[in-house]
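Peer 1: The structure is given below, and queries will be raised subsequently.
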Amino acid sequence: MDAFTAGLLQRIKATESDLSRARDEGDDFLVEVELSELDDLRRLAAEHGVQVGTASV
């Protein structure tokens, strides 16, 4: 795995964690921010052929 792929997957994992925390805290604005970030990261992954697991969002 190259550095780009590893970094991208790490960012996705961190964003999923942040999203979960925002949901647990009931922070609707932050949930929307994290969902947007996650969409962007997944789009970037798809554009570069990086396989991403399907976490529940």
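In the structure tokens, the first chain shown is A, the next is B, and so on; residue numbers restart at 1 for each chain, and ligands run from 1 in the order shown.
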Would you list the contacts of Phe4 (chain A) as a list in words, taking every protein, DNA or RNA residue within 12 Å and counting only C-alpha atoms, but skipping same-chain residues closer than 4 positions in sequence?
Peer 2: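 That gives Leu8, Leu9, Gln10, Arg11, Leu44, Ala45, His48, Gly49 and Val50 of chain A.
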Peer 1: Can you spit out the residues from that selection as a PDB file, in the first residue's frame, using N, CA, C and O atoms?
Peer 2:
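The result, stored in out13.pdb:
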```pdb
ATOM      1  N   LEU A   8      -5.163   8.257   2.841  1.00  0.00           N
ATOM      2  CA  LEU A   8      -6.575   8.437   2.510  1.00  0.00           C
ATOM      3  C   LEU A   8      -7.448   7.534   3.375  1.00  0.00           C
ATOM      4  O   LEU A   8      -8.456   7.976   3.939  1.00  0.00           O
ATOM      5  N   LEU A   9      -7.059   6.283   3.522  1.00  0.00           N
ATOM      6  CA  LEU A   9      -7.827   5.358   4.348  1.00  0.00           C
ATOM      7  C   LEU A   9      -7.825   5.793   5.811  1.00  0.00           C
ATOM      8  O   LEU A   9      -8.848   5.664   6.507  1.00  0.00           O
ATOM      9  N   GLN A  10      -6.706   6.331   6.276  1.00  0.00           N
ATOM     10  CA  GLN A  10      -6.631   6.826   7.649  1.00  0.00           C
ATOM     11  C   GLN A  10      -7.554   8.026   7.843  1.00  0.00           C
ATOM     12  O   GLN A  10      -8.236   8.142   8.848  1.00  0.00           O
ATOM     13  N   ARG A  11      -7.584   8.922   6.867  1.00  0.00           N
ATOM     14  CA  ARG A  11      -8.471  10.092   6.950  1.00  0.00           C
ATOM     15  C   ARG A  11      -9.934   9.659   6.961  1.00  0.00           C
ATOM     16  O   ARG A  11     -10.745  10.233   7.683  1.00  0.00           O
ATOM     17  N   LEU A  44     -12.854  10.898  -3.669  1.00  0.00           N
ATOM     18  CA  LEU A  44     -11.429  10.917  -3.992  1.00  0.00           C
ATOM     19  C   LEU A  44     -10.883   9.491  -4.093  1.00  0.00           C
ATOM     20  O   LEU A  44     -10.129   9.159  -5.019  1.00  0.00           O
ATOM     21  N   ALA A  45     -11.291   8.654  -3.173  1.00  0.00           N
ATOM     22  CA  ALA A  45     -10.851   7.256  -3.194  1.00  0.00           C
ATOM     23  C   ALA A  45     -11.319   6.570  -4.472  1.00  0.00           C
ATOM     24  O   ALA A  45     -10.533   5.881  -5.147  1.00  0.00           O
ATOM     25  N   HIS A  48      -9.388   7.394  -7.556  1.00  0.00           N
ATOM     26  CA  HIS A  48      -8.034   6.845  -7.607  1.00  0.00           C
ATOM     27  C   HIS A  48      -8.015   5.329  -7.452  1.00  0.00           C
ATOM     28  O   HIS A  48      -6.951   4.738  -7.258  1.00  0.00           O
ATOM     29  N   GLY A  49      -9.184   4.707  -7.526  1.00  0.00           N
ATOM     30  CA  GLY A  49      -9.256   3.251  -7.478  1.00  0.00           C
ATOM     31  C   GLY A  49      -8.936   2.653  -6.124  1.00  0.00           C
ATOM     32  O   GLY A  49      -8.539   1.492  -6.038  1.00  0.00           O
ATOM     33  N   VAL A  50      -9.133   3.420  -5.066  1.00  0.00           N
ATOM     34  CA  VAL A  50      -8.869   2.929  -3.713  1.00  0.00           C
ATOM     35  C   VAL A  50     -10.147   2.270  -3.184  1.00  0.00           C
ATOM     36  O   VAL A  50     -11.198   2.901  -3.151  1.00  0.00           O
TER      37      VAL A  50
END
```
Peer 1: Near Asp18 (chain A), counting only C-alpha atoms, which residues have an atom at most 9 Å away, once you skip same-chain residues fewer than 5 positions from it, shown as an MDAnalysis selection string?
Peer 2: chainID A and resid 13 23 30:31 34
Peer 1: Which residue out of A:Asp2, A:Leu38, A:Asp28, A:Val33 has the minimum interatomic distance to Val52 (chain A) when only C-alpha atoms are used?
Peer 2: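 Of A:Asp2, A:Leu38, A:Asp28, A:Val33, the one nearest Val52 (chain A) is A:Leu38, counting only C-alpha atoms.
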Peer 1: So that I can see what lies close to Ser36 (chain A), please list as a list of chain:residue names the residues with an atom at most 12 Å from it, counting only C-alpha atoms and leaving out residues fewer than 4 positions away in the same chain.
Peer 2: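 My list of contacting residues is A:Ile12, A:Thr15, A:Glu16, A:Leu19, A:Phe29, A:Leu30, A:Val31, A:Glu32, A:Asp40, A:Leu41, A:Arg42, A:Arg43, A:Val57.
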Peer 1: Write out, as a CSV table (one decimal), in the first residue's frame, the residues just selected, with C-alpha atoms.
Peer 2:
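Contents of result-v1.csv, as written:
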```csv
chain,number,residue,atom,x,y,z
A,12,ILE,CA,-11.6,8.2,6.1
A,15,THR,CA,-13.7,11.1,9.8
A,16,GLU,CA,-16.0,8.1,10.4
A,19,LEU,CA,-19.0,11.5,12.6
A,29,PHE,CA,-24.1,20.8,12.4
A,30,LEU,CA,-20.9,18.8,12.9
A,31,VAL,CA,-22.7,15.7,11.6
A,32,GLU,CA,-23.4,17.5,8.4
A,40,ASP,CA,-15.4,14.0,-0.5
A,41,LEU,CA,-12.9,11.5,0.8
A,42,ARG,CA,-14.9,8.5,-0.7
A,43,ARG,CA,-15.2,10.3,-4.0
A,57,VAL,CA,-23.2,6.1,7.8
```
Peer 1: Quick one, how far is CA of Asp39 (chain A) from CA of Gly26 (chain A)?
Peer 2: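 Straight-line distance from CA of Asp39 (chain A) to CA of Gly26 (chain A) works out to 20.1 Å.
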Peer 1: Mind the document's chain letters and residue numbers, and return as an MDAnalysis selection string the residues of chain A that DSSP labels alpha helix (DSSP H).
Peer 2: chainID A and resid 3:25 28:47
